[in-house]
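Just target.cif here, mmCIF, C-alpha atoms (C1' of nucleotides):
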```
data_input
#
loop_
_atom_site.group_PDB
_atom_site.id
_atom_site.type_symbol
_atom_site.label_atom_id
_atom_site.label_comp_id
_atom_site.auth_asym_id
_atom_site.auth_seq_id
_atom_site.Cartn_x
_atom_site.Cartn_y
_atom_site.Cartn_z
ATOM 1 C CA MET A 84 180.793 -131.958 -98.103
ATOM 2 C CA LYS A 85 180.334 -128.590 -99.627
ATOM 3 C CA GLY A 86 176.993 -127.193 -98.678
ATOM 4 C CA THR A 87 176.484 -128.964 -95.411
ATOM 5 C CA THR A 88 175.171 -126.853 -92.587
ATOM 6 C CA MET A 89 177.478 -127.067 -89.642
ATOM 7 C CA ALA A 90 177.142 -126.783 -85.922
ATOM 8 C CA PRO A 91 179.547 -124.052 -84.839
ATOM 9 C CA ILE A 92 182.950 -125.295 -83.801
ATOM 10 C CA ALA A 93 183.530 -124.079 -80.305
ATOM 11 C CA GLN A 94 187.205 -124.739 -79.669
ATOM 12 C CA CYS A 95 190.137 -125.740 -81.850
ATOM 13 C CA PRO A 96 191.229 -122.428 -83.424
ATOM 14 C CA ASP A 97 192.417 -123.527 -86.814
ATOM 15 C CA CYS A 98 189.805 -126.256 -86.980
ATOM 16 C CA ARG A 99 187.443 -123.432 -87.792
ATOM 17 C CA ARG A 100 189.633 -122.400 -90.652
ATOM 18 C CA LEU A 101 190.075 -125.965 -91.864
ATOM 19 C CA ASN A 102 186.338 -126.271 -91.767
ATOM 20 C CA GLU A 103 186.023 -123.228 -93.985
ATOM 21 C CA VAL A 104 188.584 -124.534 -96.421
ATOM 22 C CA LEU A 105 186.912 -127.902 -96.591
ATOM 23 C CA SER A 106 183.567 -126.275 -97.213
ATOM 24 C CA ARG A 107 184.957 -124.617 -100.302
ATOM 25 C CA VAL A 108 187.463 -126.933 -101.900
ATOM 26 C CA GLY A 109 187.193 -129.989 -99.708
ATOM 27 C CA ASP A 110 185.186 -132.190 -101.995
ATOM 28 C CA ARG A 111 186.615 -134.878 -104.208
ATOM 29 C CA TRP A 112 185.880 -133.314 -107.562
ATOM 30 C CA SER A 113 187.272 -129.904 -106.760
ATOM 31 C CA VAL A 114 190.544 -131.428 -105.705
ATOM 32 C CA LEU A 115 190.734 -133.727 -108.714
ATOM 33 C CA ILE A 116 189.879 -130.982 -111.166
ATOM 34 C CA VAL A 117 192.567 -128.731 -109.772
ATOM 35 C CA ALA A 118 195.011 -131.618 -109.872
ATOM 36 C CA SER A 119 194.136 -132.337 -113.483
ATOM 37 C CA LEU A 120 194.440 -128.739 -114.584
ATOM 38 C CA SER A 121 197.674 -128.399 -112.689
ATOM 39 C CA GLN A 122 199.097 -131.265 -114.722
ATOM 40 C CA TYR A 123 197.762 -130.458 -118.141
ATOM 41 C CA GLY A 124 197.572 -126.688 -117.936
ATOM 42 C CA THR A 125 194.456 -126.213 -119.980
ATOM 43 C CA LEU A 126 191.618 -128.638 -120.558
ATOM 44 C CA ARG A 127 188.282 -128.591 -122.296
ATOM 45 C CA PHE A 128 185.051 -129.705 -120.735
ATOM 46 C CA ASN A 129 184.979 -133.170 -122.209
ATOM 47 C CA GLU A 130 188.667 -133.676 -121.658
ATOM 48 C CA LEU A 131 188.146 -133.177 -117.960
ATOM 49 C CA LYS A 132 185.121 -135.406 -118.086
ATOM 50 C CA ARG A 133 187.017 -138.268 -119.672
ATOM 51 C CA ASN A 134 190.034 -137.659 -117.507
ATOM 52 C CA LEU A 135 188.210 -137.956 -114.239
ATOM 53 C CA GLY A 136 185.285 -140.201 -115.028
ATOM 54 C CA ILE A 137 183.014 -137.524 -113.617
ATOM 55 C CA SER A 138 179.417 -137.007 -114.684
ATOM 56 C CA GLN A 139 178.528 -133.932 -116.728
ATOM 57 C CA ARG A 140 176.342 -132.720 -113.958
ATOM 58 C CA MET A 141 178.987 -132.794 -111.264
ATOM 59 C CA LEU A 142 181.591 -131.449 -113.632
ATOM 60 C CA SER A 143 179.589 -128.398 -114.627
ATOM 61 C CA LEU A 144 178.474 -127.774 -111.055
ATOM 62 C CA THR A 145 181.971 -128.094 -109.645
ATOM 63 C CA LEU A 146 183.545 -126.031 -112.411
ATOM 64 C CA ARG A 147 181.064 -123.265 -111.782
ATOM 65 C CA ASP A 148 181.882 -123.268 -108.094
ATOM 66 C CA LEU A 149 185.588 -123.259 -108.798
ATOM 67 C CA GLU A 150 185.148 -120.376 -111.187
ATOM 68 C CA ARG A 151 183.003 -118.545 -108.684
ATOM 69 C CA ASP A 152 185.650 -119.001 -106.019
ATOM 70 C CA GLY A 153 188.318 -117.680 -108.367
ATOM 71 C CA LEU A 154 190.320 -120.891 -108.627
ATOM 72 C CA VAL A 155 189.535 -121.686 -112.249
ATOM 73 C CA SER A 156 189.209 -119.485 -115.304
ATOM 74 C CA ARG A 157 186.751 -120.226 -118.048
ATOM 75 C CA THR A 158 187.395 -119.125 -121.631
ATOM 76 C CA TYR A 159 184.644 -119.422 -124.158
ATOM 77 C CA TYR A 160 185.347 -119.518 -127.901
ATOM 78 C CA PRO A 161 182.148 -118.920 -129.892
ATOM 79 C CA THR A 162 183.286 -121.112 -132.751
ATOM 80 C CA ILE A 163 181.273 -123.878 -134.353
ATOM 81 C CA PRO A 164 181.287 -126.198 -132.604
ATOM 82 C CA PRO A 165 181.818 -124.128 -129.483
ATOM 83 C CA LYS A 166 184.948 -124.557 -127.433
ATOM 84 C CA VAL A 167 185.539 -123.837 -123.785
ATOM 85 C CA GLU A 168 188.861 -123.959 -122.050
ATOM 86 C CA TYR A 169 189.449 -124.260 -118.347
ATOM 87 C CA ALA A 170 192.667 -123.371 -116.594
ATOM 88 C CA LEU A 171 193.919 -122.482 -113.140
ATOM 89 C CA THR A 172 193.982 -118.882 -112.037
ATOM 90 C CA PRO A 173 196.900 -117.709 -109.880
ATOM 91 C CA LEU A 174 194.728 -118.457 -106.863
ATOM 92 C CA GLY A 175 193.963 -121.909 -108.179
ATOM 93 C CA ASP A 176 197.614 -122.403 -108.889
ATOM 94 C CA SER A 177 198.431 -121.626 -105.270
ATOM 95 C CA PHE A 178 196.218 -124.531 -104.317
ATOM 96 C CA ARG A 179 198.564 -126.867 -106.121
ATOM 97 C CA GLU A 180 200.864 -127.063 -103.138
ATOM 98 C CA PRO A 181 198.338 -128.497 -100.658
ATOM 99 C CA VAL A 182 197.168 -130.929 -103.310
ATOM 100 C CA GLU A 183 200.690 -131.934 -104.142
ATOM 101 C CA VAL A 184 201.566 -132.490 -100.485
ATOM 102 C CA LEU A 185 198.495 -134.648 -100.124
ATOM 103 C CA ALA A 186 199.388 -136.695 -103.179
ATOM 104 C CA VAL A 187 202.918 -137.246 -101.898
ATOM 105 C CA TRP A 188 201.595 -138.281 -98.530
ATOM 106 C CA GLY A 189 199.367 -140.775 -100.247
ATOM 107 C CA LEU A 190 202.242 -142.197 -102.215
ATOM 108 C CA GLU A 191 204.151 -142.807 -99.029
ATOM 109 C CA ASN A 192 201.414 -143.916 -96.697
ATOM 110 C CA LEU A 193 198.626 -145.541 -98.631
ATOM 111 C CA LYS A 194 200.142 -148.975 -98.277
ATOM 112 C CA ALA A 195 200.507 -148.517 -94.544
ATOM 113 C CA ILE A 196 196.828 -147.679 -94.347
ATOM 114 C CA ASP A 197 195.879 -150.740 -96.329
ATOM 115 C CA ALA A 198 198.057 -152.872 -94.085
ATOM 116 C CA ALA A 199 196.560 -151.419 -90.922
ATOM 117 C CA ARG A 200 193.099 -151.932 -92.316
ATOM 118 C CA ALA A 201 193.756 -155.548 -93.229
ATOM 119 C CA GLN A 202 195.184 -156.229 -89.800
ATOM 120 C CA TYR A 203 192.221 -154.572 -88.120
ATOM 121 C CA ASP A 204 189.763 -156.575 -90.181
ATOM 122 C CA ASP A 205 191.601 -159.799 -89.445
ATOM 123 C CA ALA A 206 191.443 -159.128 -85.730
ATOM 124 C CA ALA A 207 187.770 -158.286 -85.975
ATOM 125 C CA GLU A 208 187.080 -161.502 -87.815
ATOM 126 C CA LYS A 209 188.790 -163.536 -85.115
ATOM 127 C CA ASP A 210 186.649 -161.815 -82.517
ATOM 128 C CA VAL A 211 183.596 -162.965 -84.354
ATOM 129 C CA LYS A 212 184.801 -166.542 -84.530
ATOM 130 C CA SER A 213 185.788 -166.712 -80.890
ATOM 131 C CA ALA A 214 182.370 -165.472 -79.881
ATOM 132 C CA MET B 263 182.817 -138.958 -99.888
ATOM 133 C CA LYS B 264 184.138 -142.073 -98.372
ATOM 134 C CA GLY B 265 182.154 -144.996 -99.629
ATOM 135 C CA THR B 266 181.163 -143.648 -102.992
ATOM 136 C CA THR B 267 181.597 -145.997 -105.886
ATOM 137 C CA MET B 268 183.745 -144.424 -108.504
ATOM 138 C CA ALA B 269 184.034 -144.689 -112.222
ATOM 139 C CA PRO B 270 187.626 -145.613 -112.976
ATOM 140 C CA ILE B 271 189.877 -142.679 -113.654
ATOM 141 C CA ALA B 272 191.372 -143.246 -117.052
ATOM 142 C CA GLN B 273 194.138 -140.696 -117.307
ATOM 143 C CA CYS B 274 195.806 -138.352 -114.851
ATOM 144 C CA PRO B 275 198.362 -140.590 -113.104
ATOM 145 C CA ASP B 276 198.399 -139.171 -109.619
ATOM 146 C CA CYS B 277 194.733 -138.317 -109.789
ATOM 147 C CA ARG B 278 194.228 -141.996 -109.140
ATOM 148 C CA ARG B 279 196.317 -141.752 -106.032
ATOM 149 C CA LEU B 280 194.606 -138.579 -104.899
ATOM 150 C CA ASN B 281 191.340 -140.335 -105.388
ATOM 151 C CA GLU B 282 192.500 -143.141 -103.128
ATOM 152 C CA VAL B 283 193.672 -140.737 -100.475
ATOM 153 C CA LEU B 284 190.426 -138.825 -100.580
ATOM 154 C CA SER B 285 188.454 -142.025 -100.261
ATOM 155 C CA ARG B 286 190.176 -142.766 -96.995
ATOM 156 C CA VAL B 287 190.856 -139.522 -95.184
ATOM 157 C CA GLY B 288 189.211 -137.010 -97.474
ATOM 158 C CA ASP B 289 186.083 -136.353 -95.513
ATOM 159 C CA ARG B 290 185.553 -133.373 -93.271
ATOM 160 C CA TRP B 291 185.418 -135.173 -89.946
ATOM 161 C CA SER B 292 188.534 -137.257 -90.476
ATOM 162 C CA VAL B 293 190.540 -134.158 -91.233
ATOM 163 C CA LEU B 294 189.127 -132.201 -88.324
ATOM 164 C CA ILE B 295 189.644 -135.032 -85.866
ATOM 165 C CA VAL B 296 193.264 -135.408 -86.894
ATOM 166 C CA ALA B 297 193.702 -131.667 -86.649
ATOM 167 C CA SER B 298 192.202 -131.626 -83.181
ATOM 168 C CA LEU B 299 194.308 -134.490 -81.925
ATOM 169 C CA SER B 300 197.383 -132.972 -83.466
ATOM 170 C CA GLN B 301 196.786 -129.833 -81.412
ATOM 171 C CA TYR B 302 195.752 -131.312 -78.101
ATOM 172 C CA GLY B 303 197.686 -134.571 -78.210
ATOM 173 C CA THR B 304 195.123 -136.726 -76.456
ATOM 174 C CA LEU B 305 191.391 -136.253 -76.260
ATOM 175 C CA ARG B 306 188.450 -138.129 -74.853
ATOM 176 C CA PHE B 307 185.312 -138.909 -76.784
ATOM 177 C CA ASN B 308 183.220 -136.076 -75.451
ATOM 178 C CA GLU B 309 186.081 -133.636 -75.654
ATOM 179 C CA LEU B 310 186.302 -134.256 -79.362
ATOM 180 C CA LYS B 311 182.553 -134.022 -79.607
ATOM 181 C CA ARG B 312 182.402 -130.627 -77.973
ATOM 182 C CA ASN B 313 185.482 -129.462 -79.805
ATOM 183 C CA LEU B 314 184.142 -130.139 -83.240
ATOM 184 C CA GLY B 315 180.400 -129.857 -82.833
ATOM 185 C CA ILE B 316 180.111 -133.293 -84.353
ATOM 186 C CA SER B 317 177.281 -135.699 -83.622
ATOM 187 C CA GLN B 318 177.965 -138.810 -81.566
ATOM 188 C CA ARG B 319 177.130 -140.944 -84.506
ATOM 189 C CA MET B 320 179.583 -139.384 -86.926
ATOM 190 C CA LEU B 321 182.239 -139.161 -84.254
ATOM 191 C CA SER B 322 182.118 -142.843 -83.356
ATOM 192 C CA LEU B 323 181.895 -143.879 -87.004
ATOM 193 C CA THR B 324 184.781 -141.691 -88.069
ATOM 194 C CA LEU B 325 186.932 -142.620 -85.101
ATOM 195 C CA ARG B 326 186.427 -146.285 -85.869
ATOM 196 C CA ASP B 327 187.507 -145.751 -89.457
ATOM 197 C CA LEU B 328 190.525 -143.766 -88.381
ATOM 198 C CA GLU B 329 191.472 -146.481 -85.943
ATOM 199 C CA ARG B 330 190.950 -149.114 -88.584
ATOM 200 C CA ASP B 331 193.203 -147.236 -90.975
ATOM 201 C CA GLY B 332 195.881 -146.949 -88.326
ATOM 202 C CA LEU B 333 195.769 -143.174 -87.967
ATOM 203 C CA VAL B 334 194.303 -143.009 -84.487
ATOM 204 C CA SER B 335 194.912 -145.109 -81.396
ATOM 205 C CA ARG B 336 192.173 -145.880 -78.919
ATOM 206 C CA THR B 337 192.916 -146.542 -75.278
ATOM 207 C CA TYR B 338 190.170 -147.853 -73.073
ATOM 208 C CA TYR B 339 190.274 -147.495 -69.301
ATOM 209 C CA PRO B 340 187.678 -149.770 -67.669
ATOM 210 C CA THR B 341 187.103 -147.421 -64.768
ATOM 211 C CA ILE B 342 183.760 -146.190 -63.534
ATOM 212 C CA PRO B 343 182.736 -144.191 -65.328
ATOM 213 C CA PRO B 344 184.671 -145.551 -68.287
ATOM 214 C CA LYS B 345 187.319 -143.448 -69.961
ATOM 215 C CA VAL B 346 188.603 -143.634 -73.503
ATOM 216 C CA GLU B 347 191.499 -141.682 -74.877
ATOM 217 C CA TYR B 348 192.194 -141.026 -78.521
ATOM 218 C CA ALA B 349 195.552 -139.989 -79.899
ATOM 219 C CA LEU B 350 197.434 -139.971 -83.176
ATOM 220 C CA THR B 351 199.562 -142.931 -84.139
ATOM 221 C CA PRO B 352 202.841 -142.277 -85.953
ATOM 222 C CA LEU B 353 200.949 -142.748 -89.205
ATOM 223 C CA GLY B 354 198.289 -140.302 -88.097
ATOM 224 C CA ASP B 355 200.995 -137.927 -87.018
ATOM 225 C CA SER B 356 202.464 -138.046 -90.513
ATOM 226 C CA PHE B 357 199.150 -136.803 -91.789
ATOM 227 C CA ARG B 358 199.619 -133.608 -89.845
ATOM 228 C CA GLU B 359 201.750 -132.120 -92.572
ATOM 229 C CA PRO B 360 199.146 -132.222 -95.344
ATOM 230 C CA VAL B 361 196.561 -130.901 -92.918
ATOM 231 C CA GLU B 362 198.855 -128.168 -91.755
ATOM 232 C CA VAL B 363 199.660 -127.120 -95.309
ATOM 233 C CA LEU B 364 195.973 -126.973 -96.068
ATOM 234 C CA ALA B 365 195.294 -124.869 -92.994
ATOM 235 C CA VAL B 366 198.059 -122.442 -93.895
ATOM 236 C CA TRP B 367 196.745 -122.199 -97.431
ATOM 237 C CA GLY B 368 193.339 -121.369 -96.018
ATOM 238 C CA LEU B 369 194.774 -118.672 -93.798
ATOM 239 C CA GLU B 370 196.361 -117.013 -96.779
ATOM 240 C CA ASN B 371 193.703 -117.509 -99.419
ATOM 241 C CA LEU B 372 190.275 -117.736 -97.863
ATOM 242 C CA LYS B 373 189.730 -114.023 -98.099
ATOM 243 C CA ALA B 374 190.660 -114.068 -101.755
ATOM 244 C CA ILE B 375 188.070 -116.771 -102.306
ATOM 245 C CA ASP B 376 185.415 -114.781 -100.516
ATOM 246 C CA ALA B 377 186.299 -111.737 -102.565
ATOM 247 C CA ALA B 378 186.158 -113.647 -105.831
ATOM 248 C CA ARG B 379 182.868 -115.156 -104.818
ATOM 249 C CA ALA B 380 181.357 -111.796 -103.929
ATOM 250 C CA GLN B 381 182.517 -110.339 -107.207
ATOM 251 C CA TYR B 382 181.122 -113.278 -109.146
ATOM 252 C CA ASP B 383 177.786 -112.995 -107.405
ATOM 253 C CA ASP B 384 177.632 -109.271 -108.040
ATOM 254 C CA ALA B 385 178.241 -109.790 -111.719
ATOM 255 C CA ALA B 386 175.620 -112.500 -111.848
ATOM 256 C CA GLU B 387 173.108 -110.236 -110.173
ATOM 257 C CA LYS B 388 173.715 -107.501 -112.726
ATOM 258 C CA ASP B 389 173.129 -110.002 -115.489
ATOM 259 C CA VAL B 390 169.761 -110.774 -114.006
ATOM 260 C CA LYS B 391 168.831 -107.096 -113.785
ATOM 261 C CA SER B 392 169.930 -106.283 -117.294
ATOM 262 C CA ALA B 393 167.841 -109.129 -118.624
ATOM 263 C "C1'" DC C 83 180.836 -129.568 -128.096
ATOM 264 C "C1'" DG C 84 179.311 -127.665 -123.837
ATOM 265 C "C1'" DG C 85 176.186 -127.390 -121.271
ATOM 266 C "C1'" DC C 86 171.199 -127.267 -118.411
ATOM 267 C "C1'" DA C 87 166.901 -129.635 -116.585
ATOM 268 C "C1'" DT C 88 164.893 -133.555 -114.626
ATOM 269 C "C1'" DC C 89 164.338 -137.733 -112.231
ATOM 270 C "C1'" DC C 90 165.877 -140.751 -108.719
ATOM 271 C "C1'" DG C 91 168.681 -144.053 -105.712
ATOM 272 C "C1'" DC C 92 171.353 -144.039 -102.072
ATOM 273 C "C1'" DA C 93 174.748 -142.601 -98.796
ATOM 274 C "C1'" DT C 94 175.663 -138.928 -95.523
ATOM 275 C "C1'" DG C 95 174.889 -137.151 -91.446
ATOM 276 C "C1'" DG C 96 171.885 -134.989 -87.670
ATOM 277 C "C1'" DA C 97 168.515 -135.874 -83.671
ATOM 278 C "C1'" DT C 98 166.848 -138.835 -80.391
ATOM 279 C "C1'" DA C 99 166.503 -142.674 -77.302
ATOM 280 C "C1'" DC C 100 168.632 -146.380 -75.084
ATOM 281 C "C1'" DT C 101 172.655 -149.381 -72.923
ATOM 282 C "C1'" DG C 102 176.802 -150.716 -70.024
ATOM 283 C "C1'" DC D 248 181.223 -141.296 -69.920
ATOM 284 C "C1'" DA D 249 181.293 -143.762 -74.147
ATOM 285 C "C1'" DG D 250 179.122 -145.469 -77.094
ATOM 286 C "C1'" DT D 251 175.057 -148.337 -80.171
ATOM 287 C "C1'" DA D 252 170.529 -148.431 -82.569
ATOM 288 C "C1'" DT D 253 166.974 -146.319 -85.015
ATOM 289 C "C1'" DC D 254 164.600 -142.961 -87.629
ATOM 290 C "C1'" DC D 255 164.583 -139.558 -90.990
ATOM 291 C "C1'" DA D 256 165.811 -135.267 -93.912
ATOM 292 C "C1'" DT D 257 169.003 -133.522 -96.952
ATOM 293 C "C1'" DG D 258 171.560 -133.535 -100.906
ATOM 294 C "C1'" DC D 259 175.260 -135.826 -103.467
ATOM 295 C "C1'" DG D 260 175.894 -137.756 -107.527
ATOM 296 C "C1'" DG D 261 174.740 -140.808 -111.574
ATOM 297 C "C1'" DA D 262 171.662 -141.523 -115.856
ATOM 298 C "C1'" DT D 263 169.004 -139.705 -119.321
ATOM 299 C "C1'" DG D 264 167.156 -136.380 -122.540
ATOM 300 C "C1'" DC D 265 167.209 -131.940 -124.744
ATOM 301 C "C1'" DC D 266 169.074 -127.382 -126.490
ATOM 302 C "C1'" DG D 267 172.407 -123.638 -128.570
#
```
In structure tokens, write the structure found in this file.
Amino acid sequence: MKGTTMAPIAQCPDCRRLNEVLSRVGDRWSVLIVASLSQYGTLRFNELKRNLGISQRMLSLTLRDLERDGLVSRTYYPTIPPKVEYALTPLGDSFREPVEVLAVWGLENLKAIDAARAQYDDAAEKDVKSA
Amino acid sequence: MKGTTMAPIAQCPDCRRLNEVLSRVGDRWSVLIVASLSQYGTLRFNELKRNLGISQRMLSLTLRDLERDGLVSRTYYPTIPPKVEYALTPLGDSFREPVEVLAVWGLENLKAIDAARAQYDDAAEKDVKSA
DNA sequence: CGGCATCCGCATGGATACTG
DNA sequence: CAGTATCCATGCGGATGCCG
């Protein structure tokens, strides 16, 4: 979702903007990392890894992008063993609201989606049988 | 982003929920289609296609999923040539808020992201030169 | 511990051609 | 017009191994 080349969006004014947003922080891991950090404040690499069930590869890649985009700060302690702490920057913190709104929406509407899906699948199955 | 198998998320209570939400409506096209319909009310297949610069394939696939999940309604007029209208259901309409919040966030923060990114890249380039 | 490098399967998603 | 079917490139994302 992040690095996909896109045909230019002709119309739909703020679709363009949405498209931009999604290109930057629209992938699953970015959202989940921000959500995690927003809950726990500061987390280390492996804490995030365990928390999210993400692979090291995707975690380091996504964290680097988030740091590059100014959403996450990275603090390195050259101790032995080394220690790295990740936290939200003010910009990253501002992203909490959209994430929070999305989470609330999910809480209220996920069951409705499941119901609609089940109903749709039932109807589809009947179509098959009647054919 | 939709059909990816996921390692179970151990901690982070509402990360689980976010994960669910993202699995259903977290992909680029779903969001953009809802955004489009929320602006124009009702759109035909090719209108959406032109609007978003999406391929027929992804449009029909995504629309089917959105219909299955109860976010979008599909009305077929068996005229010649045929005519199909897509619109938001009440459930789909409820999704406008998260999308809207995200769009507003983008309006306010995209430039900051670009700036942070440029700064990060500059710093990285200097590191290369000094090496 | 906190990564990076590599390999690789598989889904995503575009382009094209064809149908009703 | 509104799709479906097929082919194919890209790259996401997981698994493994190694290094500071």
Rotate and translate chain A onto chain B via least squares on all in-order Cα pairs, then write the result as a tab-separated table (two decimals) with C-alpha atoms, in the frame of the given file.
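Saved file out_10.tsv follows:
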```tsv
chain	number	residue	atom	x	y	z
A	84	MET	CA	182.90	-138.74	-99.80
A	85	LYS	CA	184.20	-141.86	-98.23
A	86	GLY	CA	182.27	-144.82	-99.48
A	87	THR	CA	181.23	-143.51	-102.83
A	88	THR	CA	181.58	-145.91	-105.71
A	89	MET	CA	183.69	-144.38	-108.40
A	90	ALA	CA	183.95	-144.69	-112.13
A	91	PRO	CA	187.55	-145.64	-112.87
A	92	ILE	CA	189.82	-142.71	-113.59
A	93	ALA	CA	191.32	-143.31	-116.96
A	94	GLN	CA	194.09	-140.74	-117.23
A	95	CYS	CA	195.76	-138.37	-114.79
A	96	PRO	CA	198.31	-140.60	-113.01
A	97	ASP	CA	198.35	-139.14	-109.55
A	98	CYS	CA	194.67	-138.28	-109.74
A	99	ARG	CA	194.15	-141.95	-109.09
A	100	ARG	CA	196.24	-141.72	-105.99
A	101	LEU	CA	194.54	-138.52	-104.85
A	102	ASN	CA	191.28	-140.30	-105.34
A	103	GLU	CA	192.44	-143.09	-103.08
A	104	VAL	CA	193.61	-140.67	-100.43
A	105	LEU	CA	190.36	-138.76	-100.54
A	106	SER	CA	188.40	-141.97	-100.22
A	107	ARG	CA	190.14	-142.69	-96.95
A	108	VAL	CA	190.80	-139.44	-95.18
A	109	GLY	CA	189.14	-136.95	-97.48
A	110	ASP	CA	186.03	-136.27	-95.48
A	111	ARG	CA	185.53	-133.31	-93.22
A	112	TRP	CA	185.42	-135.12	-89.91
A	113	SER	CA	188.51	-137.20	-90.46
A	114	VAL	CA	190.52	-134.11	-91.21
A	115	LEU	CA	189.11	-132.17	-88.27
A	116	ILE	CA	189.64	-135.01	-85.84
A	117	VAL	CA	193.25	-135.39	-86.88
A	118	ALA	CA	193.70	-131.65	-86.61
A	119	SER	CA	192.20	-131.63	-83.14
A	120	LEU	CA	194.30	-134.51	-81.90
A	121	SER	CA	197.38	-132.98	-83.43
A	122	GLN	CA	196.79	-129.87	-81.36
A	123	TYR	CA	195.76	-131.37	-78.07
A	124	GLY	CA	197.67	-134.63	-78.18
A	125	THR	CA	195.13	-136.79	-76.45
A	126	LEU	CA	191.38	-136.32	-76.25
A	127	ARG	CA	188.45	-138.22	-74.87
A	128	PHE	CA	185.32	-139.00	-76.79
A	129	ASN	CA	183.22	-136.18	-75.44
A	130	GLU	CA	186.07	-133.73	-75.62
A	131	LEU	CA	186.29	-134.32	-79.34
A	132	LYS	CA	182.55	-134.10	-79.59
A	133	ARG	CA	182.41	-130.72	-77.91
A	134	ASN	CA	185.47	-129.52	-79.73
A	135	LEU	CA	184.14	-130.16	-83.18
A	136	GLY	CA	180.40	-129.90	-82.77
A	137	ILE	CA	180.11	-133.33	-84.32
A	138	SER	CA	177.28	-135.76	-83.62
A	139	GLN	CA	178.00	-138.88	-81.58
A	140	ARG	CA	177.13	-141.00	-84.53
A	141	MET	CA	179.57	-139.42	-86.93
A	142	LEU	CA	182.23	-139.20	-84.26
A	143	SER	CA	182.12	-142.88	-83.39
A	144	LEU	CA	181.90	-143.90	-87.04
A	145	THR	CA	184.78	-141.69	-88.08
A	146	LEU	CA	186.93	-142.65	-85.11
A	147	ARG	CA	186.43	-146.30	-85.90
A	148	ASP	CA	187.50	-145.74	-89.48
A	149	LEU	CA	190.51	-143.75	-88.40
A	150	GLU	CA	191.47	-146.48	-85.98
A	151	ARG	CA	190.94	-149.10	-88.63
A	152	ASP	CA	193.17	-147.20	-91.02
A	153	GLY	CA	195.87	-146.93	-88.37
A	154	LEU	CA	195.76	-143.15	-88.00
A	155	VAL	CA	194.30	-143.02	-84.51
A	156	SER	CA	194.90	-145.14	-81.44
A	157	ARG	CA	192.17	-145.94	-78.99
A	158	THR	CA	192.93	-146.62	-75.32
A	159	TYR	CA	190.21	-147.95	-73.11
A	160	TYR	CA	190.36	-147.60	-69.32
A	161	PRO	CA	187.81	-149.90	-67.65
A	162	THR	CA	187.27	-147.53	-64.76
A	163	ILE	CA	183.92	-146.35	-63.46
A	164	PRO	CA	182.85	-144.35	-65.27
A	165	PRO	CA	184.75	-145.70	-68.25
A	166	LYS	CA	187.33	-143.58	-69.98
A	167	VAL	CA	188.60	-143.75	-73.52
A	168	GLU	CA	191.48	-141.78	-74.91
A	169	TYR	CA	192.19	-141.10	-78.54
A	170	ALA	CA	195.53	-140.04	-79.92
A	171	LEU	CA	197.42	-140.00	-83.19
A	172	THR	CA	199.55	-142.95	-84.17
A	173	PRO	CA	202.84	-142.28	-85.97
A	174	LEU	CA	200.94	-142.74	-89.22
A	175	GLY	CA	198.29	-140.31	-88.10
A	176	ASP	CA	200.98	-137.93	-87.03
A	177	SER	CA	202.46	-138.02	-90.52
A	178	PHE	CA	199.14	-136.76	-91.79
A	179	ARG	CA	199.63	-133.58	-89.82
A	180	GLU	CA	201.75	-132.08	-92.56
A	181	PRO	CA	199.13	-132.17	-95.33
A	182	VAL	CA	196.56	-130.85	-92.89
A	183	GLU	CA	198.85	-128.12	-91.73
A	184	VAL	CA	199.66	-127.06	-95.29
A	185	LEU	CA	195.97	-126.91	-96.04
A	186	ALA	CA	195.28	-124.80	-92.97
A	187	VAL	CA	198.05	-122.38	-93.89
A	188	TRP	CA	196.74	-122.13	-97.41
A	189	GLY	CA	193.35	-121.30	-96.02
A	190	LEU	CA	194.76	-118.61	-93.80
A	191	GLU	CA	196.35	-116.96	-96.79
A	192	ASN	CA	193.72	-117.45	-99.43
A	193	LEU	CA	190.31	-117.66	-97.85
A	194	LYS	CA	189.74	-113.95	-98.15
A	195	ALA	CA	190.68	-114.02	-101.81
A	196	ILE	CA	188.09	-116.72	-102.36
A	197	ASP	CA	185.43	-114.73	-100.58
A	198	ALA	CA	186.32	-111.69	-102.66
A	199	ALA	CA	186.19	-113.62	-105.91
A	200	ARG	CA	182.89	-115.12	-104.90
A	201	ALA	CA	181.37	-111.76	-104.04
A	202	GLN	CA	182.55	-110.30	-107.32
A	203	TYR	CA	181.16	-113.25	-109.25
A	204	ASP	CA	177.81	-112.97	-107.52
A	205	ASP	CA	177.66	-109.25	-108.16
A	206	ALA	CA	178.28	-109.78	-111.85
A	207	ALA	CA	175.66	-112.50	-111.96
A	208	GLU	CA	173.14	-110.23	-110.30
A	209	LYS	CA	173.74	-107.51	-112.87
A	210	ASP	CA	173.16	-110.04	-115.62
A	211	VAL	CA	169.80	-110.79	-114.15
A	212	LYS	CA	168.84	-107.14	-113.96
A	213	SER	CA	169.95	-106.35	-117.48
A	214	ALA	CA	167.89	-109.22	-118.80
```
- Query: Could you spell out the hits of the PyMOL selection byres ((chain B) within 8 of (chain D)) on the shown file, as a PyMOL selection string?
  - Reply: chain B and resi 307-308+322+343-346
As lines of an AutoDock Vina configuration file, please: the centre and edge lengths in Å, to one decimal, of an axis-aligned box enclosing every listed atom of stretch 263-267 of chain D with 5 Å added on each side.
```
center_x = 169.8
center_y = -131.7
center_z = -123.9
size_x = 15.3
size_y = 26.1
size_z = 19.2
```
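Applied to this file, the PyMOL selection byres ((chain C and resi 85-97) around 7) selects the residues Ser317 and Met320 of chain B; DG84 and DT98 of chain C.
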- Task: Select, from A:Leu142, A:Val108, A:Ala207, A:Val155, the residue with the minimum atom-to-atom distance to chain C, counting all atoms listed in the file.
- Result: A:Leu142
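One finds atom CA of B:Gly303 at 10.0 Å from atom CA of B:Glu347.
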- Could you tell me how far atom CA of B:Ala385 lies from atom CA of A:Tyr169, in Å and to one decimal? 19.5 Å
